[in-house]
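This report refers to the structure that appears directly beneath it.
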Amino acid sequence: MTTLRIGTRASTLALTQTGMVADDLADATGVKTEIVRITTHGDRSNEPLSRAGGTGLFTGALRDALLADECDVIVHSLKDLPTAPHDRIVVAAIPAREDPRDALCARDGLTLEHLPAGARVGTGSPRRMAQLRSKRPDIEVVDIRGNVETRLGKVTSGELDAVILAAAGLNRIGRTDVVTEFLDADRWPTAPGQGALAVEVRRGEEHLVAALDHRETRAAVEAEREVLALLEAGCSAPVGARAVVDAGLLLLSASVYSIDGATTLTSSHATSWPEDDGDPSREVAASVARELIDAGAAGLTGERP
């Protein structure tokens with residue numbers, strides 16, 4: 001193969017992320033790369049995420065292009081991927097994770113604590129909506145869609161007082177200047193896999209990108225996503241998770257929210273990592289999910305993968 005064709009969404013963030021993967025792949029293997037732009041259903045739809053199709057909204061068209069041999073590799077934000085395995089496509093590499101936190105971008109340098117009562121805060125994420133309603137029931141949560149600049153523009157224009165975005169995306173496109181507060185990931189858990197990228201290939205072609213895989217990141221995000229799968233919740237469900245590898249342990253905490261923010265269920269467990277036998281990511285996720293299900297989490301997620 002003389003040139004590796006890498007498929008991606010055509011948004012500024014997606015192209016930036018894919019360009020990073022292409023550069024890293026060229027550095028690691030010497031392969032030449034070509035970026036192929038693909039429009040997804042999520043790019044065409046203006047519906048709220050909870051009604052626009054949820055799981056696979058931004059990934060289906062990329063996978064179709066890969067299977068149609070229009071490209072050789074596809075790059076996603078990992079948090080957008082369905083948790084169910086694909087029979088013909090595999091996540092062959094998960095590069096080292098970026099900052100997994102959410103970031104508040106508010107007028108006048110305000111933090112979440114100091115937003116005035118009645119402030120209008122925009123997000124398209126049911127999980128962030130639930131967290132906002134839980135932490136600040138006195139503010140108005142506004143359901144929004146659009147790319148990063150569109151969302152930030154709603155604050156600049158005065159339509160909103162603030163928006164919440166992923167810190168990783170802002171870091172990658174060089175817009176951390178707009179952040180007024182990084183929300184602590186332990187107290188404000190983010191979407192499973194947030195901050196990580198997924199590099200997919202056709203099954204059997206894992207060697208094309210295997211050099212980019214980062215073991216600690218894979219262990220952490222697979223634990224987070226396994227909780228989501230075991231809860232039978234999709235990528236737009238009100239579930240937050242936080243996993244880290246530290247001092248020989250894989251630590252996982254997950255929270256499930258009611259969409260009105262009135263109820264929060266949380267569970268945390270740890271297991272040794274790495275292990276010669278077994279699957280520590282799956283094992284720790286099973287412990288967390290079992291505790292959440294026993295506490296009634298199934299009645300809060302409301303979505304299947």
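Starting from 1 in every chain, residues are counted up; chains themselves are A, B, ... following the order of the structure tokens, and ligands are numbered from 1 as listed.
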
What's the 10 Å shell around A:Leu250, counting only C-alpha atoms, without same-chain residues fewer than 2 positions away, as a short mmCIF file (atom, residue, chain, number, x, y, z; two decimals) with all heavy atoms, in the first residue's frame?
```
data_model
loop_
_atom_site.label_atom_id
_atom_site.label_comp_id
_atom_site.auth_asym_id
_atom_site.auth_seq_id
_atom_site.Cartn_x
_atom_site.Cartn_y
_atom_site.Cartn_z
N GLU A 216 -2.30 2.06 28.33
CA GLU A 216 -2.98 2.60 29.50
C GLU A 216 -4.29 3.28 29.12
O GLU A 216 -5.30 3.13 29.80
CB GLU A 216 -2.06 3.58 30.24
CG GLU A 216 -0.90 2.92 30.95
CD GLU A 216 0.32 2.73 30.03
OE1 GLU A 216 0.18 2.90 28.80
OE2 GLU A 216 1.40 2.40 30.56
N ALA A 219 -6.90 0.59 28.27
CA ALA A 219 -7.44 -0.05 29.48
C ALA A 219 -8.49 0.84 30.15
O ALA A 219 -9.56 0.37 30.55
CB ALA A 219 -6.32 -0.37 30.46
N ALA A 220 -8.18 2.14 30.27
CA ALA A 220 -9.09 3.06 30.94
C ALA A 220 -10.39 3.24 30.16
O ALA A 220 -11.49 3.12 30.72
CB ALA A 220 -8.41 4.41 31.15
N ALA A 223 -12.70 0.21 30.05
CA ALA A 223 -13.45 0.05 31.30
C ALA A 223 -14.66 0.99 31.31
O ALA A 223 -15.77 0.58 31.67
CB ALA A 223 -12.54 0.32 32.49
N ALA A 243 -11.98 6.56 34.46
CA ALA A 243 -11.06 5.48 34.76
C ALA A 243 -9.63 5.96 34.57
O ALA A 243 -9.35 6.71 33.63
CB ALA A 243 -11.32 4.27 33.87
N VAL A 244 -8.74 5.52 35.45
CA VAL A 244 -7.33 5.87 35.34
C VAL A 244 -6.49 4.65 35.72
O VAL A 244 -6.93 3.80 36.51
CB VAL A 244 -6.94 7.06 36.25
CG1 VAL A 244 -7.63 8.33 35.80
CG2 VAL A 244 -7.24 6.75 37.71
N VAL A 245 -5.30 4.57 35.14
CA VAL A 245 -4.32 3.57 35.54
C VAL A 245 -3.29 4.28 36.40
O VAL A 245 -2.67 5.26 35.97
CB VAL A 245 -3.65 2.94 34.30
CG1 VAL A 245 -2.51 2.02 34.74
CG2 VAL A 245 -4.67 2.17 33.47
N ASP A 246 -3.11 3.78 37.64
CA ASP A 246 -2.22 4.46 38.56
C ASP A 246 -1.66 3.46 39.56
O ASP A 246 -2.40 2.71 40.20
CB ASP A 246 -2.98 5.57 39.31
CG ASP A 246 -2.09 6.37 40.23
OD1 ASP A 246 -0.99 6.77 39.80
OD2 ASP A 246 -2.48 6.60 41.39
N ALA A 247 -0.32 3.43 39.69
CA ALA A 247 0.37 2.60 40.69
C ALA A 247 -0.07 1.14 40.64
O ALA A 247 -0.32 0.51 41.67
CB ALA A 247 0.15 3.18 42.08
N GLY A 248 -0.18 0.61 39.44
CA GLY A 248 -0.52 -0.79 39.29
C GLY A 248 -1.99 -1.12 39.47
O GLY A 248 -2.36 -2.29 39.59
N LEU A 252 -11.90 2.76 38.50
CA LEU A 252 -13.06 3.16 37.71
C LEU A 252 -14.17 3.65 38.61
O LEU A 252 -14.53 3.00 39.60
CB LEU A 252 -13.57 1.98 36.88
CG LEU A 252 -14.90 2.17 36.14
CD1 LEU A 252 -14.79 3.24 35.06
CD2 LEU A 252 -15.38 0.85 35.54
N HIS A 269 -14.81 1.17 41.83
CA HIS A 269 -14.08 -0.06 42.13
C HIS A 269 -12.69 0.03 41.51
O HIS A 269 -12.43 0.87 40.65
CB HIS A 269 -14.82 -1.29 41.60
CG HIS A 269 -16.02 -1.67 42.41
ND1 HIS A 269 -15.95 -2.54 43.46
CD2 HIS A 269 -17.31 -1.27 42.32
CE1 HIS A 269 -17.16 -2.68 43.99
NE2 HIS A 269 -18.01 -1.92 43.32
N ALA A 270 -11.80 -0.86 41.93
CA ALA A 270 -10.45 -0.92 41.39
C ALA A 270 -10.01 -2.37 41.25
O ALA A 270 -10.52 -3.26 41.96
CB ALA A 270 -9.47 -0.17 42.30
N THR A 271 -9.08 -2.60 40.34
CA THR A 271 -8.49 -3.92 40.17
C THR A 271 -7.04 -3.75 39.77
O THR A 271 -6.62 -2.67 39.34
CB THR A 271 -9.26 -4.75 39.12
OG1 THR A 271 -8.83 -6.10 39.14
CG2 THR A 271 -9.04 -4.18 37.71
N SER A 272 -6.24 -4.80 39.92
CA SER A 272 -4.83 -4.70 39.55
C SER A 272 -4.68 -4.64 38.04
O SER A 272 -5.45 -5.24 37.29
CB SER A 272 -4.05 -5.90 40.11
OG SER A 272 -4.57 -7.11 39.62
N TRP A 273 -3.65 -3.89 37.59
CA TRP A 273 -3.37 -3.75 36.15
C TRP A 273 -1.88 -3.52 35.97
O TRP A 273 -1.29 -2.74 36.72
CB TRP A 273 -4.15 -2.59 35.55
CG TRP A 273 -4.00 -2.52 34.06
CD1 TRP A 273 -4.82 -3.08 33.13
CD2 TRP A 273 -2.97 -1.84 33.32
NE1 TRP A 273 -4.37 -2.81 31.86
CE2 TRP A 273 -3.22 -2.06 31.95
CE3 TRP A 273 -1.84 -1.10 33.67
CZ2 TRP A 273 -2.41 -1.54 30.96
CZ3 TRP A 273 -1.02 -0.60 32.68
CH2 TRP A 273 -1.31 -0.81 31.34
N PRO A 274 -1.24 -4.15 34.97
CA PRO A 274 -1.85 -5.14 34.07
C PRO A 274 -1.95 -6.51 34.73
O PRO A 274 -1.33 -6.74 35.77
CB PRO A 274 -0.88 -5.18 32.90
CG PRO A 274 0.45 -4.86 33.52
CD PRO A 274 0.17 -3.87 34.63
N PRO A 280 -8.86 -7.01 32.99
CA PRO A 280 -9.14 -6.10 34.12
C PRO A 280 -10.16 -5.02 33.78
O PRO A 280 -10.93 -4.64 34.66
CB PRO A 280 -7.76 -5.51 34.45
CG PRO A 280 -6.91 -5.78 33.26
CD PRO A 280 -7.43 -7.04 32.65
N SER A 281 -10.17 -4.54 32.54
CA SER A 281 -11.15 -3.50 32.18
C SER A 281 -12.56 -4.05 32.30
O SER A 281 -13.46 -3.39 32.86
CB SER A 281 -10.90 -3.03 30.74
OG SER A 281 -9.64 -2.40 30.63
N VAL A 284 -13.43 -4.81 36.24
CA VAL A 284 -13.77 -3.67 37.09
C VAL A 284 -15.07 -3.03 36.64
O VAL A 284 -15.88 -2.57 37.46
CB VAL A 284 -12.60 -2.65 37.13
CG1 VAL A 284 -12.47 -1.87 35.82
CG2 VAL A 284 -12.75 -1.69 38.30
#
```

Checklist entry - Do you know which residues are at most 10 Å from A:Gln194 counting only C-alpha atoms, after dropping those on the same chain fewer than 2 positions away, and could you put them as an NGL selection string? => result :A and (77-80 or 97-102 or 166-169 or 189-192 or 196-197 or 221 or 224 or 240-242)

Checklist entry - DSSP says alpha helix (DSSP H) for which residues of stretch 65-191 of chain A? Put them as a PyMOL selection string? => result chain A and resi 65-67+126-135+148-156+167-172

Next, write the just-selected residues to a file, as a compact mmCIF listing (two decimals), in the first residue's frame, keeping N, CA, C and O atoms as the atom set.
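selection.txt was written with the following content:
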```
# COMPACT_ATOMS: atom_id res chain seq x y z
N ALA A 65 -18.16 3.89 4.52
CA ALA A 65 -17.09 4.22 3.58
C ALA A 65 -15.91 3.26 3.71
O ALA A 65 -15.30 2.87 2.71
N LEU A 66 -15.60 2.86 4.93
CA LEU A 66 -14.51 1.91 5.14
C LEU A 66 -14.84 0.57 4.51
O LEU A 66 -14.01 -0.03 3.80
N LEU A 67 -16.05 0.09 4.72
CA LEU A 67 -16.44 -1.21 4.16
C LEU A 67 -16.57 -1.16 2.64
O LEU A 67 -16.42 -2.19 1.97
N PRO A 126 -27.20 15.04 26.95
CA PRO A 126 -28.10 14.73 28.06
C PRO A 126 -27.35 14.55 29.38
O PRO A 126 -27.85 14.92 30.44
N ARG A 127 -26.14 14.00 29.33
CA ARG A 127 -25.36 13.82 30.55
C ARG A 127 -24.99 15.17 31.16
O ARG A 127 -25.15 15.41 32.36
N ARG A 128 -24.53 16.10 30.33
CA ARG A 128 -24.19 17.43 30.85
C ARG A 128 -25.43 18.16 31.33
O ARG A 128 -25.38 18.88 32.34
N MET A 129 -26.54 17.99 30.63
CA MET A 129 -27.80 18.61 31.08
C MET A 129 -28.16 18.15 32.48
O MET A 129 -28.52 18.95 33.35
N ALA A 130 -28.09 16.83 32.70
CA ALA A 130 -28.43 16.28 34.00
C ALA A 130 -27.47 16.79 35.08
O ALA A 130 -27.89 17.14 36.20
N GLN A 131 -26.19 16.86 34.76
CA GLN A 131 -25.22 17.34 35.73
C GLN A 131 -25.45 18.81 36.07
O GLN A 131 -25.36 19.21 37.24
N LEU A 132 -25.75 19.61 35.06
CA LEU A 132 -26.03 21.02 35.30
C LEU A 132 -27.25 21.19 36.20
O LEU A 132 -27.24 21.99 37.15
N ARG A 133 -28.30 20.42 35.93
CA ARG A 133 -29.52 20.52 36.73
C ARG A 133 -29.28 20.04 38.16
O ARG A 133 -29.91 20.52 39.10
N SER A 134 -28.37 19.08 38.31
CA SER A 134 -28.04 18.59 39.64
C SER A 134 -27.23 19.62 40.43
O SER A 134 -27.50 19.87 41.62
N LYS A 135 -26.23 20.22 39.78
CA LYS A 135 -25.34 21.17 40.46
C LYS A 135 -25.95 22.56 40.62
O LYS A 135 -25.73 23.22 41.62
N VAL A 148 -17.97 23.69 17.25
CA VAL A 148 -17.42 24.45 18.37
C VAL A 148 -17.62 25.94 18.19
O VAL A 148 -18.08 26.65 19.09
N GLU A 149 -17.29 26.47 17.01
CA GLU A 149 -17.39 27.91 16.80
C GLU A 149 -18.84 28.39 16.85
O GLU A 149 -19.12 29.48 17.35
N THR A 150 -19.76 27.58 16.34
CA THR A 150 -21.17 27.94 16.40
C THR A 150 -21.64 28.05 17.84
O THR A 150 -22.35 28.99 18.22
N ARG A 151 -21.23 27.11 18.66
CA ARG A 151 -21.64 27.11 20.07
C ARG A 151 -21.01 28.29 20.82
O ARG A 151 -21.69 28.97 21.60
N LEU A 152 -19.73 28.53 20.59
CA LEU A 152 -19.08 29.66 21.24
C LEU A 152 -19.70 30.98 20.80
O LEU A 152 -19.80 31.93 21.59
N GLY A 153 -20.13 31.03 19.54
CA GLY A 153 -20.75 32.25 19.02
C GLY A 153 -22.04 32.61 19.75
O GLY A 153 -22.41 33.79 19.81
N LYS A 154 -22.72 31.61 20.30
CA LYS A 154 -23.96 31.89 21.04
C LYS A 154 -23.67 32.60 22.36
O LYS A 154 -24.52 33.32 22.89
N VAL A 155 -22.46 32.43 22.88
CA VAL A 155 -22.06 33.16 24.08
C VAL A 155 -21.61 34.57 23.70
O VAL A 155 -22.01 35.56 24.32
N THR A 156 -20.82 34.66 22.65
CA THR A 156 -20.34 35.97 22.19
C THR A 156 -21.50 36.90 21.83
O THR A 156 -21.46 38.11 22.13
N ALA A 167 -12.88 19.65 26.80
CA ALA A 167 -11.58 20.31 26.85
C ALA A 167 -10.65 19.78 25.77
O ALA A 167 -9.87 20.54 25.18
N ALA A 168 -10.75 18.47 25.48
CA ALA A 168 -9.86 17.87 24.49
C ALA A 168 -10.01 18.54 23.13
O ALA A 168 -9.02 18.85 22.46
N GLY A 169 -11.25 18.76 22.71
CA GLY A 169 -11.48 19.38 21.42
C GLY A 169 -10.95 20.80 21.37
O GLY A 169 -10.33 21.22 20.38
N LEU A 170 -11.17 21.55 22.44
CA LEU A 170 -10.66 22.92 22.49
C LEU A 170 -9.13 22.94 22.47
O LEU A 170 -8.52 23.79 21.83
N ASN A 171 -8.52 22.00 23.18
CA ASN A 171 -7.06 21.90 23.16
C ASN A 171 -6.56 21.63 21.75
O ASN A 171 -5.59 22.25 21.28
N ARG A 172 -7.21 20.70 21.06
CA ARG A 172 -6.72 20.27 19.74
C ARG A 172 -6.84 21.37 18.69
O ARG A 172 -6.02 21.43 17.77
```

Next on the checklist: Residues near A:Gly19, anyone? I mean within 12 Å using only C-alpha atoms, not counting same-chain ones fewer than 5 positions away, as a PyMOL selection string.
Outcome noted: chain A and resi 5-14+24-26+33-37+74-75+172-173

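If you look at atom CA of A:Ala289 and atom CA of A:Ser258, they are 16.2 Å away from each other.
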
Item to check | Picked from stretch 31-143 of chain A by DSSP as strand (DSSP E), as JSON, numbers by chain | outcome: {"A": [32, 33, 34, 35, 36, 37, 73, 74, 75, 76, 77, 89, 90, 91, 92, 93, 102, 103, 104, 105, 106, 120, 121, 122, 123, 140, 141, 142, 143]}

Please identify all polymer residues within 12 Å of stretch 291-298 of chain A, counting only C-alpha atoms, omitting same-chain residues fewer than 6 positions from it, and present them as a PDB file with N, CA, C and O atoms, in the first residue's frame.
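As a result, result-v2.pdb now contains:
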```
ATOM      1  N   VAL A 227     -18.811  -0.277  31.090  1.00  0.00           N
ATOM      2  CA  VAL A 227     -19.895   0.091  32.002  1.00  0.00           C
ATOM      3  C   VAL A 227     -21.118   0.532  31.204  1.00  0.00           C
ATOM      4  O   VAL A 227     -22.252   0.127  31.479  1.00  0.00           O
ATOM      5  N   LEU A 228     -20.884   1.369  30.199  1.00  0.00           N
ATOM      6  CA  LEU A 228     -21.979   1.846  29.359  1.00  0.00           C
ATOM      7  C   LEU A 228     -22.698   0.670  28.698  1.00  0.00           C
ATOM      8  O   LEU A 228     -23.930   0.619  28.660  1.00  0.00           O
ATOM      9  N   ALA A 229     -21.933  -0.284  28.196  1.00  0.00           N
ATOM     10  CA  ALA A 229     -22.522  -1.448  27.541  1.00  0.00           C
ATOM     11  C   ALA A 229     -23.322  -2.297  28.526  1.00  0.00           C
ATOM     12  O   ALA A 229     -24.437  -2.741  28.224  1.00  0.00           O
ATOM     13  N   LEU A 230     -22.770  -2.521  29.710  1.00  0.00           N
ATOM     14  CA  LEU A 230     -23.442  -3.357  30.700  1.00  0.00           C
ATOM     15  C   LEU A 230     -24.705  -2.703  31.238  1.00  0.00           C
ATOM     16  O   LEU A 230     -25.656  -3.386  31.627  1.00  0.00           O
ATOM     17  N   LEU A 231     -24.727  -1.372  31.242  1.00  0.00           N
ATOM     18  CA  LEU A 231     -25.932  -0.651  31.647  1.00  0.00           C
ATOM     19  C   LEU A 231     -26.958  -0.580  30.516  1.00  0.00           C
ATOM     20  O   LEU A 231     -28.050  -0.053  30.709  1.00  0.00           O
ATOM     21  N   GLU A 232     -26.569  -1.097  29.335  1.00  0.00           N
ATOM     22  CA  GLU A 232     -27.419  -1.042  28.138  1.00  0.00           C
ATOM     23  C   GLU A 232     -27.820   0.393  27.830  1.00  0.00           C
ATOM     24  O   GLU A 232     -28.959   0.711  27.521  1.00  0.00           O
ATOM     25  N   ALA A 233     -26.820   1.280  27.902  1.00  0.00           N
ATOM     26  CA  ALA A 233     -27.021   2.702  27.656  1.00  0.00           C
ATOM     27  C   ALA A 233     -26.220   3.129  26.432  1.00  0.00           C
ATOM     28  O   ALA A 233     -25.106   2.660  26.217  1.00  0.00           O
ATOM     29  N   ALA A 237     -26.632   8.718  26.552  1.00  0.00           N
ATOM     30  CA  ALA A 237     -27.327   8.518  27.821  1.00  0.00           C
ATOM     31  C   ALA A 237     -26.659   9.342  28.928  1.00  0.00           C
ATOM     32  O   ALA A 237     -25.480   9.680  28.834  1.00  0.00           O
ATOM     33  N   PRO A 238     -27.404   9.672  29.996  1.00  0.00           N
ATOM     34  CA  PRO A 238     -26.847  10.478  31.090  1.00  0.00           C
ATOM     35  C   PRO A 238     -25.948   9.664  32.010  1.00  0.00           C
ATOM     36  O   PRO A 238     -26.256   9.422  33.180  1.00  0.00           O
ATOM     37  N   VAL A 239     -24.815   9.212  31.468  1.00  0.00           N
ATOM     38  CA  VAL A 239     -23.851   8.402  32.213  1.00  0.00           C
ATOM     39  C   VAL A 239     -22.485   9.059  32.118  1.00  0.00           C
ATOM     40  O   VAL A 239     -22.020   9.407  31.026  1.00  0.00           O
ATOM     41  N   SER A 253     -14.728   4.808  38.244  1.00  0.00           N
ATOM     42  CA  SER A 253     -15.913   5.337  38.911  1.00  0.00           C
ATOM     43  C   SER A 253     -16.911   5.740  37.830  1.00  0.00           C
ATOM     44  O   SER A 253     -16.518   6.273  36.787  1.00  0.00           O
ATOM     45  N   ALA A 254     -18.182   5.454  38.060  1.00  0.00           N
ATOM     46  CA  ALA A 254     -19.211   5.821  37.087  1.00  0.00           C
ATOM     47  C   ALA A 254     -20.429   6.360  37.819  1.00  0.00           C
ATOM     48  O   ALA A 254     -20.742   5.923  38.940  1.00  0.00           O
ATOM     49  N   SER A 255     -21.102   7.300  37.182  1.00  0.00           N
ATOM     50  CA  SER A 255     -22.314   7.901  37.734  1.00  0.00           C
ATOM     51  C   SER A 255     -23.417   7.868  36.698  1.00  0.00           C
ATOM     52  O   SER A 255     -23.170   8.117  35.512  1.00  0.00           O
ATOM     53  N   VAL A 256     -24.629   7.588  37.152  1.00  0.00           N
ATOM     54  CA  VAL A 256     -25.812   7.595  36.302  1.00  0.00           C
ATOM     55  C   VAL A 256     -26.761   8.646  36.855  1.00  0.00           C
ATOM     56  O   VAL A 256     -26.999   8.706  38.067  1.00  0.00           O
ATOM     57  N   TYR A 257     -27.314   9.475  35.963  1.00  0.00           N
ATOM     58  CA  TYR A 257     -28.154  10.594  36.379  1.00  0.00           C
ATOM     59  C   TYR A 257     -29.564  10.451  35.823  1.00  0.00           C
ATOM     60  O   TYR A 257     -29.751   9.951  34.705  1.00  0.00           O
ATOM     61  N   SER A 258     -30.540  10.921  36.577  1.00  0.00           N
ATOM     62  CA  SER A 258     -31.854  11.151  35.978  1.00  0.00           C
ATOM     63  C   SER A 258     -31.745  12.441  35.187  1.00  0.00           C
ATOM     64  O   SER A 258     -30.963  13.340  35.531  1.00  0.00           O
ATOM     65  N   THR A 263     -31.652  12.759  40.676  1.00  0.00           N
ATOM     66  CA  THR A 263     -31.104  11.506  41.190  1.00  0.00           C
ATOM     67  C   THR A 263     -29.741  11.229  40.567  1.00  0.00           C
ATOM     68  O   THR A 263     -29.571  11.344  39.356  1.00  0.00           O
ATOM     69  N   THR A 264     -28.789  10.873  41.410  1.00  0.00           N
ATOM     70  CA  THR A 264     -27.462  10.471  40.944  1.00  0.00           C
ATOM     71  C   THR A 264     -27.062   9.194  41.660  1.00  0.00           C
ATOM     72  O   THR A 264     -27.129   9.119  42.891  1.00  0.00           O
ATOM     73  N   LEU A 265     -26.666   8.179  40.895  1.00  0.00           N
ATOM     74  CA  LEU A 265     -26.163   6.927  41.449  1.00  0.00           C
ATOM     75  C   LEU A 265     -24.698   6.797  41.055  1.00  0.00           C
ATOM     76  O   LEU A 265     -24.354   6.980  39.887  1.00  0.00           O
ATOM     77  N   THR A 266     -23.828   6.476  42.003  1.00  0.00           N
ATOM     78  CA  THR A 266     -22.392   6.401  41.739  1.00  0.00           C
ATOM     79  C   THR A 266     -21.802   5.126  42.327  1.00  0.00           C
ATOM     80  O   THR A 266     -22.194   4.688  43.414  1.00  0.00           O
ATOM     81  N   SER A 267     -20.852   4.539  41.601  1.00  0.00           N
ATOM     82  CA  SER A 267     -20.130   3.368  42.085  1.00  0.00           C
ATOM     83  C   SER A 267     -18.667   3.467  41.673  1.00  0.00           C
ATOM     84  O   SER A 267     -18.361   3.954  40.582  1.00  0.00           O
ATOM     85  N   SER A 268     -17.771   2.994  42.541  1.00  0.00           N
ATOM     86  CA  SER A 268     -16.331   3.013  42.249  1.00  0.00           C
ATOM     87  C   SER A 268     -15.705   1.691  42.673  1.00  0.00           C
ATOM     88  O   SER A 268     -16.023   1.160  43.748  1.00  0.00           O
ATOM     89  N   HIS A 269     -14.808   1.172  41.827  1.00  0.00           N
ATOM     90  CA  HIS A 269     -14.077  -0.057  42.132  1.00  0.00           C
ATOM     91  C   HIS A 269     -12.687   0.030  41.511  1.00  0.00           C
ATOM     92  O   HIS A 269     -12.426   0.874  40.649  1.00  0.00           O
ATOM     93  N   VAL A 284     -13.428  -4.808  36.240  1.00  0.00           N
ATOM     94  CA  VAL A 284     -13.767  -3.671  37.093  1.00  0.00           C
ATOM     95  C   VAL A 284     -15.070  -3.032  36.636  1.00  0.00           C
ATOM     96  O   VAL A 284     -15.879  -2.573  37.457  1.00  0.00           O
ATOM     97  N   ALA A 285     -15.323  -3.028  35.325  1.00  0.00           N
ATOM     98  CA  ALA A 285     -16.577  -2.487  34.816  1.00  0.00           C
ATOM     99  C   ALA A 285     -17.771  -3.317  35.285  1.00  0.00           C
ATOM    100  O   ALA A 285     -18.832  -2.775  35.610  1.00  0.00           O
ATOM    101  N   ARG A 304     -30.772   1.915  24.773  1.00  0.00           N
ATOM    102  CA  ARG A 304     -29.969   0.731  24.543  1.00  0.00           C
ATOM    103  C   ARG A 304     -28.901   1.044  23.517  1.00  0.00           C
ATOM    104  O   ARG A 304     -29.073   1.914  22.685  1.00  0.00           O
TER     105      ARG A 304
END
```

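The coordinates place atom CA of A:Val199 at 6.8 Å from atom CA of A:Val73.
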
Checklist entry - Within 7 Å of A:Lys32, counting only C-alpha atoms, which residues qualify if same-chain residues fewer than 2 places away don't, as a PyMOL selection string? => result chain A and resi 2-4+26+30

Surrounding residues of A:Val91 excluding itself and chain neighbours under 3 positions, 9 Å, only C-alpha atoms, as a CSV table (one decimal) with N, CA, C and O atoms, in the first residue's frame:
```csv
chain,number,residue,atom,x,y,z
A,94,ILE,N,-6.0,3.0,19.9
A,94,ILE,CA,-6.5,4.2,20.7
A,94,ILE,C,-5.3,4.9,21.2
A,94,ILE,O,-4.6,4.5,22.1
A,198,ALA,N,-10.5,7.0,18.5
A,198,ALA,CA,-10.6,5.6,18.0
A,198,ALA,C,-10.2,5.5,16.6
A,198,ALA,O,-10.7,6.2,15.7
A,199,VAL,N,-9.2,4.7,16.3
A,199,VAL,CA,-8.8,4.5,14.9
A,199,VAL,C,-9.2,3.1,14.5
A,199,VAL,O,-8.8,2.1,15.0
A,200,GLU,N,-10.2,3.0,13.5
A,200,GLU,CA,-10.8,1.8,13.1
A,200,GLU,C,-10.3,1.3,11.7
A,200,GLU,O,-10.0,2.2,10.9
A,201,VAL,N,-10.2,0.0,11.5
A,201,VAL,CA,-9.8,-0.6,10.3
A,201,VAL,C,-10.7,-1.8,10.0
A,201,VAL,O,-11.4,-2.3,11.0
A,202,ARG,N,-10.7,-2.3,8.8
A,202,ARG,CA,-11.4,-3.6,8.6
A,202,ARG,C,-10.7,-4.7,9.4
A,202,ARG,O,-9.5,-4.7,9.5
A,203,ARG,N,-11.5,-5.6,9.9
A,203,ARG,CA,-10.9,-6.7,10.7
A,203,ARG,C,-9.9,-7.5,9.9
A,203,ARG,O,-10.1,-7.8,8.7
A,206,GLU,N,-5.4,-4.8,11.3
A,206,GLU,CA,-5.0,-4.1,12.5
A,206,GLU,C,-3.6,-3.6,12.4
A,206,GLU,O,-3.2,-2.6,13.0
```

Item to check | A:Cys71, A:Asp213, A:Ala162, A:Ile89 ranked by distance to A:Leu115, top pick (using only C-alpha atoms) | outcome: A:Ala162

Item to check | A:Leu15, A:Val142, A:Val21, A:Ala92 ranked by distance to A:Arg215, top pick (using only C-alpha atoms) | outcome: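 Residue with the minimum atom-to-atom distance to A:Arg215: A:Ala92.
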
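Among the candidates A:Gly124, A:Pro95, A:Pro85, A:Gly60, the residue lying nearest to A:Ala211 is A:Pro95 (atoms considered: only C-alpha atoms).
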
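What separates atom CA of A:Pro82 from atom CA of A:Thr59 is a distance of 8.4 Å.
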